[in-house]
file final_23.csv (CSV, C-alpha atoms and all ligand atoms)
chain,number,residue,atom,x,y,z
A,12,MET,CA,-24.5,-7.3,12.4
A,13,LYS,CA,-20.8,-7.6,13.0
A,14,THR,CA,-18.6,-9.6,10.6
A,15,ILE,CA,-16.0,-12.0,12.1
A,16,LEU,CA,-13.0,-13.4,10.2
A,17,LEU,CA,-12.1,-16.6,12.0
A,18,THR,CA,-9.2,-18.9,11.0
A,19,GLY,CA,-9.0,-22.7,11.5
A,20,ALA,CA,-12.5,-23.6,12.7
A,21,CYS,CA,-13.0,-27.3,11.6
A,22,THR,CA,-11.8,-28.8,15.0
A,23,GLY,CA,-10.8,-27.8,18.5
A,24,ILE,CA,-10.8,-24.3,19.8
A,25,GLY,CA,-11.8,-22.7,16.5
A,26,SER,CA,-14.8,-25.0,16.1
A,27,ALA,CA,-15.9,-24.2,19.7
A,28,ILE,CA,-15.6,-20.4,19.0
A,29,TYR,CA,-17.6,-20.8,15.8
A,30,ASN,CA,-20.4,-22.8,17.6
A,31,LYS,CA,-20.6,-20.5,20.6
A,32,LEU,CA,-20.7,-17.2,18.6
A,33,LYS,CA,-23.0,-18.6,15.9
A,34,GLN,CA,-25.6,-19.3,18.6
A,35,LYS,CA,-25.8,-15.6,19.4
A,36,LYS,CA,-27.2,-14.9,15.9
A,37,ALA,CA,-25.4,-11.5,16.0
A,38,TYR,CA,-22.5,-12.2,13.7
A,39,ARG,CA,-21.7,-13.0,10.1
A,40,PHE,CA,-18.7,-15.3,9.5
A,41,VAL,CA,-15.9,-15.5,7.1
A,42,VAL,CA,-13.9,-18.7,8.0
A,43,LEU,CA,-10.5,-19.4,6.5
A,44,GLY,CA,-9.0,-22.8,6.8
A,45,ARG,CA,-8.2,-26.1,5.1
A,46,LYS,CA,-11.5,-27.7,6.1
A,47,LYS,CA,-15.0,-26.2,6.6
A,48,PRO,CA,-16.4,-26.3,10.1
A,49,GLU,CA,-19.2,-28.8,10.7
A,50,GLY,CA,-22.5,-27.2,10.1
A,51,MET,CA,-21.2,-24.4,7.9
A,52,PRO,CA,-22.8,-24.4,4.4
A,53,PHE,CA,-20.7,-25.4,1.4
A,54,VAL,CA,-21.8,-22.4,-0.5
A,55,GLU,CA,-21.5,-18.7,0.4
A,56,THR,CA,-24.7,-17.4,2.0
A,57,GLU,CA,-25.6,-14.0,3.3
A,58,ASN,CA,-24.1,-14.7,6.7
A,59,GLU,CA,-21.5,-17.4,6.1
A,60,TRP,CA,-18.6,-17.8,3.8
A,61,PHE,CA,-15.9,-20.5,4.0
A,62,ILE,CA,-12.7,-19.9,2.1
A,63,PRO,CA,-10.4,-22.9,1.7
A,64,VAL,CA,-6.7,-21.9,2.2
A,65,ASP,CA,-3.5,-23.2,3.4
A,66,LEU,CA,-2.5,-20.5,5.9
A,67,ALA,CA,1.1,-21.7,6.0
A,68,ASP,CA,1.3,-20.5,2.3
A,69,VAL,CA,1.9,-16.8,2.6
A,70,GLU,CA,1.1,-15.9,-1.0
A,71,GLN,CA,-2.1,-17.9,-1.0
A,72,THR,CA,-3.1,-16.4,2.3
A,73,GLU,CA,-2.6,-12.8,1.1
A,74,GLN,CA,-4.5,-13.6,-2.1
A,75,LYS,CA,-7.5,-15.0,-0.2
A,76,LEU,CA,-7.4,-12.0,2.3
A,77,ARG,CA,-7.5,-9.6,-0.7
A,78,LEU,CA,-10.5,-11.5,-2.0
A,79,VAL,CA,-12.3,-11.0,1.3
A,80,ARG,CA,-11.4,-7.3,1.6
A,81,GLU,CA,-12.7,-6.6,-1.9
A,82,HIS,CA,-16.0,-8.5,-1.4
A,83,PRO,CA,-19.0,-6.1,-1.4
A,84,GLY,CA,-20.8,-8.0,1.4
A,85,PHE,CA,-18.1,-9.5,3.6
A,86,GLY,CA,-15.2,-7.1,3.0
A,87,GLU,CA,-15.7,-4.8,6.1
A,88,ILE,CA,-14.4,-7.1,8.8
A,89,ASP,CA,-15.2,-5.9,12.3
A,90,ILE,CA,-13.6,-8.8,14.3
A,91,ILE,CA,-10.6,-10.9,13.6
A,92,ILE,CA,-10.0,-14.2,15.5
A,93,ASN,CA,-6.7,-15.7,14.6
A,94,ASN,CA,-6.9,-19.2,15.8
A,95,ALA,CA,-5.4,-21.6,13.2
A,96,GLY,CA,-2.1,-23.0,14.4
A,97,GLN,CA,0.0,-26.1,14.6
A,98,GLY,CA,2.5,-27.5,17.1
A,99,TYR,CA,5.9,-28.9,16.1
A,100,PHE,CA,8.3,-30.1,18.7
A,101,SER,CA,11.9,-31.0,18.0
A,102,LYS,CA,15.4,-30.1,19.0
A,103,ILE,CA,16.6,-27.0,17.1
A,104,GLU,CA,19.3,-28.8,15.2
A,105,ASP,CA,16.7,-31.3,14.0
A,106,ILE,CA,14.2,-28.8,12.7
A,107,GLU,CA,14.2,-28.7,8.9
A,108,THR,CA,14.1,-25.1,7.6
A,109,GLU,CA,11.0,-25.9,5.6
A,110,MET,CA,9.2,-27.0,8.8
A,111,TRP,CA,10.4,-23.9,10.7
A,112,LEU,CA,9.0,-21.7,8.0
A,113,LYS,CA,5.7,-23.6,8.0
A,114,ILE,CA,5.2,-23.1,11.7
A,115,ILE,CA,6.2,-19.4,11.7
A,116,ASN,CA,4.1,-18.7,8.6
A,117,LEU,CA,1.0,-20.4,10.0
A,118,ASN,CA,1.2,-19.3,13.6
A,119,LEU,CA,2.6,-15.9,13.1
A,120,THR,CA,2.7,-14.6,9.5
A,121,ALA,CA,-1.0,-15.4,8.9
A,122,THR,CA,-1.8,-13.4,12.0
A,123,TYR,CA,0.3,-10.4,10.7
A,124,ALA,CA,-1.4,-10.7,7.3
A,125,THR,CA,-5.0,-10.7,8.7
A,126,ILE,CA,-4.3,-7.6,10.9
A,127,LYS,CA,-2.5,-5.8,8.1
A,128,THR,CA,-5.3,-6.4,5.6
A,129,PHE,CA,-8.2,-5.3,7.8
A,130,LEU,CA,-6.8,-2.7,10.2
A,131,PRO,CA,-7.3,0.2,7.7
A,132,ASN,CA,-11.0,-0.6,7.6
A,133,MET,CA,-11.2,-0.9,11.4
A,134,LYS,CA,-9.5,2.5,11.6
A,135,ARG,CA,-12.0,4.1,9.1
A,136,GLN,CA,-15.0,2.7,11.0
A,137,ASN,CA,-13.5,3.4,14.5
A,138,TYR,CA,-14.3,-0.1,15.6
A,139,GLY,CA,-12.3,-3.3,15.6
A,140,ARG,CA,-11.7,-6.3,17.8
A,141,ILE,CA,-8.7,-8.6,17.3
A,142,ILE,CA,-8.3,-11.8,19.3
A,143,ASN,CA,-5.2,-13.8,18.8
A,144,ILE,CA,-5.3,-17.4,20.2
A,145,SER,CA,-1.7,-17.8,21.4
A,146,SER,CA,-0.4,-20.3,24.0
A,147,ASP,CA,1.5,-20.4,27.3
A,148,ALA,CA,4.4,-21.0,24.9
A,149,ASP,CA,4.2,-17.2,24.2
A,150,HIS,CA,5.9,-16.4,27.5
A,151,THR,CA,7.7,-19.6,28.5
A,152,GLY,CA,10.3,-21.4,26.4
A,153,PHE,CA,10.7,-25.1,26.8
A,154,PRO,CA,13.0,-27.8,25.3
A,155,ASP,CA,12.0,-28.9,21.7
A,156,GLY,CA,9.7,-25.9,21.5
A,157,GLY,CA,12.0,-23.6,19.4
A,158,ALA,CA,9.8,-23.1,16.4
A,159,TYR,CA,6.5,-23.2,18.3
A,160,CYS,CA,7.7,-20.8,21.1
A,161,ALA,CA,9.3,-18.5,18.6
A,162,SER,CA,6.0,-18.3,16.7
A,163,LYS,CA,3.8,-17.7,19.8
A,164,PHE,CA,6.3,-15.2,21.4
A,165,GLY,CA,6.0,-13.5,18.0
A,166,VAL,CA,2.2,-13.3,18.3
A,167,LEU,CA,2.5,-11.7,21.7
A,168,GLY,CA,5.1,-9.2,20.6
A,169,LEU,CA,3.2,-8.3,17.4
A,170,SER,CA,0.0,-7.8,19.5
A,171,GLU,CA,1.7,-5.6,22.0
A,172,ALA,CA,3.4,-3.4,19.4
A,173,VAL,CA,0.3,-3.0,17.2
A,174,ARG,CA,-1.8,-2.2,20.3
A,175,LYS,CA,0.4,0.9,20.8
A,176,GLU,CA,-0.1,2.0,17.2
A,177,ILE,CA,-3.9,2.1,17.5
A,178,ILE,CA,-4.6,4.0,20.7
A,179,GLY,CA,-7.7,6.1,20.7
A,180,GLN,CA,-9.4,4.3,17.7
A,181,ASN,CA,-11.7,1.9,19.6
A,182,ILE,CA,-9.7,-1.1,18.2
A,183,THR,CA,-8.7,-3.7,20.8
A,184,ILE,CA,-6.2,-6.6,20.6
A,185,THR,CA,-6.5,-9.4,23.1
A,186,VAL,CA,-4.1,-12.3,23.3
A,187,ILE,CA,-5.5,-15.5,24.8
A,188,SER,CA,-2.8,-17.8,26.0
A,189,PRO,CA,-4.1,-21.2,27.1
A,190,GLY,CA,-2.2,-24.0,28.7
A,191,ARG,CA,-3.0,-27.5,27.3
A,192,VAL,CA,-6.4,-27.9,25.7
A,193,ASP,CA,-8.1,-31.2,24.9
A,194,THR,CA,-8.2,-31.0,21.1
A,195,CYS,CA,-6.6,-32.6,18.0
A,196,PHE,CA,-3.5,-30.4,18.6
A,197,ASN,CA,-0.2,-32.2,18.0
A,198,GLY,CA,-1.7,-35.4,16.8
A,199,LYS,CA,-3.9,-36.0,19.8
A,200,LYS,CA,-7.7,-36.7,19.8
A,201,PRO,CA,-10.3,-35.0,21.9
A,202,GLY,CA,-10.6,-37.1,25.2
A,203,ASP,CA,-6.8,-37.9,25.3
A,204,ARG,CA,-6.2,-35.1,27.8
A,205,PRO,CA,-9.1,-35.1,30.2
A,206,LEU,CA,-7.3,-33.0,32.8
A,207,SER,CA,-6.7,-30.2,30.3
A,208,LEU,CA,-8.8,-27.2,29.4
A,209,LYS,CA,-11.8,-27.8,27.1
A,210,PRO,CA,-12.0,-25.9,23.8
A,211,GLU,CA,-15.2,-24.4,25.1
A,212,ASP,CA,-13.3,-22.8,28.0
A,213,VAL,CA,-11.3,-20.7,25.4
A,214,ALA,CA,-14.5,-19.9,23.5
A,215,GLN,CA,-16.1,-18.6,26.6
A,216,GLN,CA,-13.2,-16.1,27.0
A,217,VAL,CA,-13.7,-15.0,23.4
A,218,GLU,CA,-17.3,-14.4,24.1
A,219,HIS,CA,-16.4,-12.4,27.2
A,220,VAL,CA,-13.9,-10.2,25.3
A,221,LEU,CA,-16.5,-9.4,22.6
A,222,ALA,CA,-19.0,-8.4,25.3
A,223,LEU,CA,-16.8,-5.6,26.7
A,224,ARG,CA,-17.9,-2.1,26.2
A,225,ASP,CA,-16.2,0.2,23.7
A,226,ASN,CA,-12.7,1.5,24.6
A,227,CYS,CA,-12.2,-1.2,27.3
A,228,ASN,CA,-9.9,-4.1,26.7
A,229,VAL,CA,-8.5,-7.2,28.3
A,230,GLU,CA,-5.0,-7.3,26.8
A,231,THR,CA,-4.0,-10.8,27.8
A,232,ILE,CA,-5.7,-13.9,29.2
A,233,ARG,CA,-3.6,-16.7,30.7
A,234,LEU,CA,-6.0,-19.6,31.0
A,235,LYS,CA,-4.9,-22.8,32.8
A,236,SER,CA,-6.5,-26.0,34.0
A,237,THR,CA,-6.2,-26.4,37.8
A,238,LEU,CA,-5.9,-30.2,37.3
A,239,GLU,CA,-2.4,-30.4,35.7
A,301,LIG,N1,-4.6,-27.7,22.2
A,301,LIG,C1,-3.7,-27.1,23.0
A,301,LIG,O1,-3.1,-27.7,23.9
A,301,LIG,C2,-3.3,-25.6,22.7
A,301,LIG,C3,-2.7,-24.9,23.8
A,301,LIG,C4,-2.4,-23.6,23.6
A,301,LIG,C5,-2.7,-23.0,22.4
A,301,LIG,N2,-3.2,-23.7,21.4
A,301,LIG,C6,-3.5,-23.0,20.1
A,301,LIG,O2,-4.8,-23.0,19.8
A,301,LIG,C7,-5.0,-22.9,18.4
A,301,LIG,C8,-6.0,-23.9,17.9
A,301,LIG,O3,-5.5,-25.2,18.1
A,301,LIG,P1,-6.4,-26.5,18.6
A,301,LIG,O4,-5.9,-26.9,19.9
A,301,LIG,O5,-7.8,-26.2,18.5
A,301,LIG,O6,-5.9,-27.6,17.6
A,301,LIG,P2,-6.6,-28.3,16.4
A,301,LIG,O7,-7.8,-29.0,16.8
A,301,LIG,O8,-5.5,-29.1,15.7
A,301,LIG,O9,-7.1,-27.1,15.4
A,301,LIG,C9,-6.2,-26.4,14.6
A,301,LIG,C10,-7.0,-25.7,13.6
A,301,LIG,O10,-6.1,-25.0,12.7
A,301,LIG,C11,-6.3,-25.4,11.4
A,301,LIG,N3,-5.1,-25.4,10.6
A,301,LIG,C12,-3.9,-26.1,10.9
A,301,LIG,N4,-3.0,-26.0,9.9
A,301,LIG,C13,-3.6,-25.2,9.0
A,301,LIG,C14,-3.2,-24.7,7.7
A,301,LIG,N5,-1.9,-24.9,7.3
A,301,LIG,N6,-4.0,-23.9,7.0
A,301,LIG,C15,-5.2,-23.6,7.5
A,301,LIG,N7,-5.7,-24.1,8.7
A,301,LIG,C16,-4.9,-24.8,9.4
A,301,LIG,C17,-6.9,-26.8,11.5
A,301,LIG,O11,-7.5,-27.2,10.3
A,301,LIG,P3,-7.0,-28.5,9.5
A,301,LIG,O12,-7.6,-29.6,10.1
A,301,LIG,O13,-7.5,-28.2,8.1
A,301,LIG,O14,-5.5,-28.5,9.6
A,301,LIG,C18,-7.8,-26.6,12.7
A,301,LIG,O15,-9.0,-26.0,12.3
A,301,LIG,C19,-3.6,-23.0,17.8
A,301,LIG,O16,-3.2,-21.7,17.4
A,301,LIG,C20,-2.8,-23.6,18.9
A,301,LIG,O17,-1.4,-23.2,18.8
A,301,LIG,C21,-3.6,-25.0,21.5
call {"tool": "encode", "arguments": {"input": "final_23.csv", "output": "structure tokens"}}
result
Amino acid sequence: MKTILLTGACTGIGSAIYNKLKQKKAYRFVVLGRKKPEGMPFVETENEWFIPVDLADVEQTEQKLRLVREHPGFGEIDIIINNAGQGYFSKIEDIETEMWLKIINLNLTATYATIKTFLPNMKRQNYGRIINISSDADHTGFPDGGAYCASKFGVLGLSEAVRKEIIGQNITITVISPGRVDTCFNGKKPGDRPLSLKPEDVAQQVEHVLALRDNCNVETIRLKSTLE
């Protein structure tokens, strides 16, 4: 049974990924986030462990990741799905430095921290799958998107660089870059954006990536609704 570390699974895309992969009964889950996903037990079981953490807090995140790495049952993470993220849209001169750092830390530094913590184990076991949920903002800048675009361009750059450090070790990194998805993102509610992608569309791509044979990777997926 492979062990998945998934971030931010209480709503939206992360919740859809958790629900889709749980159905397969082939994975154990370590979920990191501020809130537990619906249906996940409150207490650690053999196959599920929820760890409350504010992923915008770098020190707290690194401490919780060390806790996972040192756990005798859950420590050997096979698959990382970096999903937790937040939007923030404002003109560059109006962004408070504190907010800039929060967005960069949550969307980018937490991704760096999960990869850095578990890559050595993936190398030892000659197996690893890393999926980073990014955004179309990782390759297109737009007004008011300074912090968000910087964080997501960073995710894409980090993924491309690390991919070249791990050639030949059966470790893959996939960046999924969706357009708008109908979730709680940016203060919206599910149903507010009926023309947009559904969180399940993104979860389906994750399932597809995890089904690929060894030594075969889809490096980037740009997923868009055809209705907007
Ligand atoms: N929806 C879109 O249009 C869209 C488009 C492209 C990419 N994305 C990306 O998709 C990912 C998921 O977003 P979503 O659309 O599913 O939005 P969402 O419904 O708001 O989900 C975001 C998830 O991240 C968690 N999270 C946020 N801040 C956190 C923090 N400081 N510490 C720990 N967990 C935190 C949330 O948990 P809490 O409730 O506890 O905060 C939630 O589980 C994000 O990386 C986002 O950038 C979204």
call {"tool": "closest_atom_pairs", "arguments": {"input": "final_23.csv", "of": "range 84-139 of chain A", "to": "range 59-67 of chain A", "cutoff": "9 Å", "atoms": "all atoms listed in the file", "output": "tab-separated table"}}
result
residue	atom	partner	partner_atom	distance
A:Phe85	CA	A:Trp60	CA	8.3
A:Ala95	CA	A:Leu66	CA	7.9
A:Gly96	CA	A:Leu66	CA	8.9
A:Leu112	CA	A:Ala67	CA	8.1
A:Lys113	CA	A:Ala67	CA	5.4
A:Ile114	CA	A:Ala67	CA	7.2
A:Ile115	CA	A:Ala67	CA	8.0
A:Asn116	CA	A:Ala67	CA	5.0
A:Leu117	CA	A:Ala67	CA	4.2
A:Asn118	CA	A:Ala67	CA	8.0
A:Thr120	CA	A:Ala67	CA	8.1
A:Ala121	CA	A:Leu66	CA	6.1
call {"tool": "residues_around", "arguments": {"input": "final_23.csv", "residues": "Gly23 in chain A", "least_positions_apart": "6", "cutoff": "8 Å", "atoms": "only C-alpha atoms", "output": "PDB file with C-alpha atoms, in the frame of the given file"}}
result
ATOM      1  CA  ASP A 193      -8.100 -31.200  24.900  1.00  0.00           C
ATOM      2  CA  THR A 194      -8.200 -31.000  21.100  1.00  0.00           C
ATOM      3  CA  CYS A 195      -6.600 -32.600  18.000  1.00  0.00           C
ATOM      4  CA  PHE A 196      -3.500 -30.400  18.600  1.00  0.00           C
ATOM      5  CA  PRO A 201     -10.300 -35.000  21.900  1.00  0.00           C
ATOM      6  CA  PRO A 210     -12.000 -25.900  23.800  1.00  0.00           C
TER       7      PRO A 210
END
call {"tool": "closest_residue", "arguments": {"input": "final_23.csv", "among": "A:Val192, A:Val79, A:Val41, A:Ala172", "to": "ligand LIG 301 (chain A)", "atoms": "all atoms listed in the file"}}
result
A:Val192
call {"tool": "closest_residue", "arguments": {"input": "final_23.csv", "among": "A:Leu167, A:Asn30, A:Arg77, A:Lys35", "to": "Ala222 in chain A", "atoms": "all atoms listed in the file"}}
result
A:Lys35
call {"tool": "closest_residue", "arguments": {"input": "final_23.csv", "among": "A:Ser236, A:Thr56, A:Thr185, A:Gln215", "to": "ligand LIG 301 (chain A)", "atoms": "all atoms listed in the file"}}
result
A:Ser236
call {"tool": "closest_residue", "arguments": {"input": "final_23.csv", "among": "A:Pro83, A:Gly50, A:Gly44, A:Gly198", "to": "ligand LIG 301 (chain A)", "atoms": "only C-alpha atoms and all ligand atoms"}}
result
A:Gly44
call {"tool": "residues_around", "arguments": {"input": "final_23.csv", "residues": "Phe164 in chain A", "least_positions_apart": "2", "cutoff": "9 Å", "atoms": "only C-alpha atoms", "output": "VMD selection string"}}
result
chain A and resid 145 to 146 148 to 152 159 to 162 166 to 169
call {"tool": "closest_residue", "arguments": {"input": "final_23.csv", "among": "A:Lys127, A:Arg140, A:Arg174, A:Arg45", "to": "ligand LIG 301 (chain A)", "atoms": "only C-alpha atoms and all ligand atoms"}}
result
A:Arg45
call {"tool": "closest_residue", "arguments": {"input": "final_23.csv", "among": "A:Gly157, A:Gly98, A:Gly139, A:Pro52", "to": "ligand LIG 301 (chain A)", "atoms": "only C-alpha atoms and all ligand atoms"}}
result
A:Gly98
call {"tool": "atom_distance", "arguments": {"input": "final_23.csv", "atom1": "CA of Ser188 in chain A", "atom2": "CA of Ile103 in chain A"}}
result
23.2 Å
call {"tool": "decode", "arguments": {"input": "final_23.csv", "residues": "range 28-101 of chain A", "atoms": "C-alpha atoms", "output": "PDB file, in the first residue's frame"}}
result
ATOM      1  CA  ILE A  28      -8.547  14.179  -4.629  1.00  0.00           C
ATOM      2  CA  TYR A  29      -8.909  12.616  -1.167  1.00  0.00           C
ATOM      3  CA  ASN A  30     -12.355  11.185  -1.972  1.00  0.00           C
ATOM      4  CA  LYS A  31     -11.336   9.812  -5.378  1.00  0.00           C
ATOM      5  CA  LEU A  32      -8.139   8.140  -4.174  1.00  0.00           C
ATOM      6  CA  LYS A  33      -9.702   6.809  -0.970  1.00  0.00           C
ATOM      7  CA  GLN A  34     -12.251   4.858  -3.048  1.00  0.00           C
ATOM      8  CA  LYS A  35      -9.404   2.859  -4.571  1.00  0.00           C
ATOM      9  CA  LYS A  36      -8.506   1.344  -1.167  1.00  0.00           C
ATOM     10  CA  ALA A  37      -4.896   1.267  -2.344  1.00  0.00           C
ATOM     11  CA  TYR A  38      -3.464   4.159  -0.361  1.00  0.00           C
ATOM     12  CA  ARG A  39      -2.754   5.316   3.166  1.00  0.00           C
ATOM     13  CA  PHE A  40      -3.156   9.048   3.783  1.00  0.00           C
ATOM     14  CA  VAL A  41      -1.294  11.644   5.757  1.00  0.00           C
ATOM     15  CA  VAL A  42      -3.255  14.874   5.359  1.00  0.00           C
ATOM     16  CA  LEU A  43      -1.828  18.216   6.441  1.00  0.00           C
ATOM     17  CA  GLY A  44      -4.100  21.235   6.678  1.00  0.00           C
ATOM     18  CA  ARG A  45      -5.955  23.579   8.966  1.00  0.00           C
ATOM     19  CA  LYS A  46      -9.123  21.476   8.882  1.00  0.00           C
ATOM     20  CA  LYS A  47      -9.709  17.742   8.618  1.00  0.00           C
ATOM     21  CA  PRO A  48     -11.403  16.494   5.441  1.00  0.00           C
ATOM     22  CA  GLU A  49     -14.993  15.301   5.884  1.00  0.00           C
ATOM     23  CA  GLY A  50     -15.063  11.566   6.531  1.00  0.00           C
ATOM     24  CA  MET A  51     -11.521  11.393   7.829  1.00  0.00           C
ATOM     25  CA  PRO A  52     -11.248  10.026  11.377  1.00  0.00           C
ATOM     26  CA  PHE A  53     -10.307  12.433  14.180  1.00  0.00           C
ATOM     27  CA  VAL A  54      -7.755   9.999  15.554  1.00  0.00           C
ATOM     28  CA  GLU A  55      -4.837   8.420  13.761  1.00  0.00           C
ATOM     29  CA  THR A  56      -5.698   4.989  12.358  1.00  0.00           C
ATOM     30  CA  GLU A  57      -3.592   2.445  10.518  1.00  0.00           C
ATOM     31  CA  ASN A  58      -4.365   4.087   7.175  1.00  0.00           C
ATOM     32  CA  GLU A  59      -5.210   7.709   7.906  1.00  0.00           C
ATOM     33  CA  TRP A  60      -3.570  10.482   9.852  1.00  0.00           C
ATOM     34  CA  PHE A  61      -4.657  14.107   9.915  1.00  0.00           C
ATOM     35  CA  ILE A  62      -2.131  16.651  11.128  1.00  0.00           C
ATOM     36  CA  PRO A  63      -3.418  20.162  11.845  1.00  0.00           C
ATOM     37  CA  VAL A  64      -0.973  22.783  10.614  1.00  0.00           C
ATOM     38  CA  ASP A  65      -0.919  26.290   9.226  1.00  0.00           C
ATOM     39  CA  LEU A  66       1.142  25.704   6.092  1.00  0.00           C
ATOM     40  CA  ALA A  67       1.841  29.429   5.756  1.00  0.00           C
ATOM     41  CA  ASP A  68       3.921  29.132   8.947  1.00  0.00           C
ATOM     42  CA  VAL A  69       7.286  27.800   7.745  1.00  0.00           C
ATOM     43  CA  GLU A  70       8.621  26.732  11.147  1.00  0.00           C
ATOM     44  CA  GLN A  71       5.400  24.918  12.110  1.00  0.00           C
ATOM     45  CA  THR A  72       5.273  23.217   8.697  1.00  0.00           C
ATOM     46  CA  GLU A  73       8.858  21.961   8.936  1.00  0.00           C
ATOM     47  CA  GLN A  74       8.232  20.695  12.462  1.00  0.00           C
ATOM     48  CA  LYS A  75       5.113  18.728  11.378  1.00  0.00           C
ATOM     49  CA  LEU A  76       6.923  17.317   8.338  1.00  0.00           C
ATOM     50  CA  ARG A  77       9.726  16.046  10.604  1.00  0.00           C
ATOM     51  CA  LEU A  78       7.062  14.430  12.797  1.00  0.00           C
ATOM     52  CA  VAL A  79       5.739  12.556   9.747  1.00  0.00           C
ATOM     53  CA  ARG A  80       9.206  11.560   8.522  1.00  0.00           C
ATOM     54  CA  GLU A  81      10.094  10.103  11.923  1.00  0.00           C
ATOM     55  CA  HIS A  82       6.816   8.182  12.322  1.00  0.00           C
ATOM     56  CA  PRO A  83       7.449   4.414  12.194  1.00  0.00           C
ATOM     57  CA  GLY A  84       4.247   3.703  10.234  1.00  0.00           C
ATOM     58  CA  PHE A  85       3.663   6.731   8.016  1.00  0.00           C
ATOM     59  CA  GLY A  86       7.201   8.073   7.596  1.00  0.00           C
ATOM     60  CA  GLU A  87       8.026   6.554   4.224  1.00  0.00           C
ATOM     61  CA  ILE A  88       5.998   8.779   1.956  1.00  0.00           C
ATOM     62  CA  ASP A  89       5.646   7.447  -1.611  1.00  0.00           C
ATOM     63  CA  ILE A  90       3.455  10.162  -3.093  1.00  0.00           C
ATOM     64  CA  ILE A  91       3.254  13.879  -2.334  1.00  0.00           C
ATOM     65  CA  ILE A  92       0.298  15.925  -3.534  1.00  0.00           C
ATOM     66  CA  ASN A  93       0.868  19.610  -2.817  1.00  0.00           C
ATOM     67  CA  ASN A  94      -2.555  21.182  -3.080  1.00  0.00           C
ATOM     68  CA  ALA A  95      -3.119  23.682  -0.243  1.00  0.00           C
ATOM     69  CA  GLY A  96      -3.088  27.210  -1.541  1.00  0.00           C
ATOM     70  CA  GLN A  97      -4.715  30.581  -1.349  1.00  0.00           C
ATOM     71  CA  GLY A  98      -5.378  33.376  -3.803  1.00  0.00           C
ATOM     72  CA  TYR A  99      -4.698  37.016  -3.058  1.00  0.00           C
ATOM     73  CA  PHE A 100      -5.276  39.695  -5.641  1.00  0.00           C
ATOM     74  CA  SER A 101      -4.130  43.255  -5.213  1.00  0.00           C
TER      75      SER A 101
END
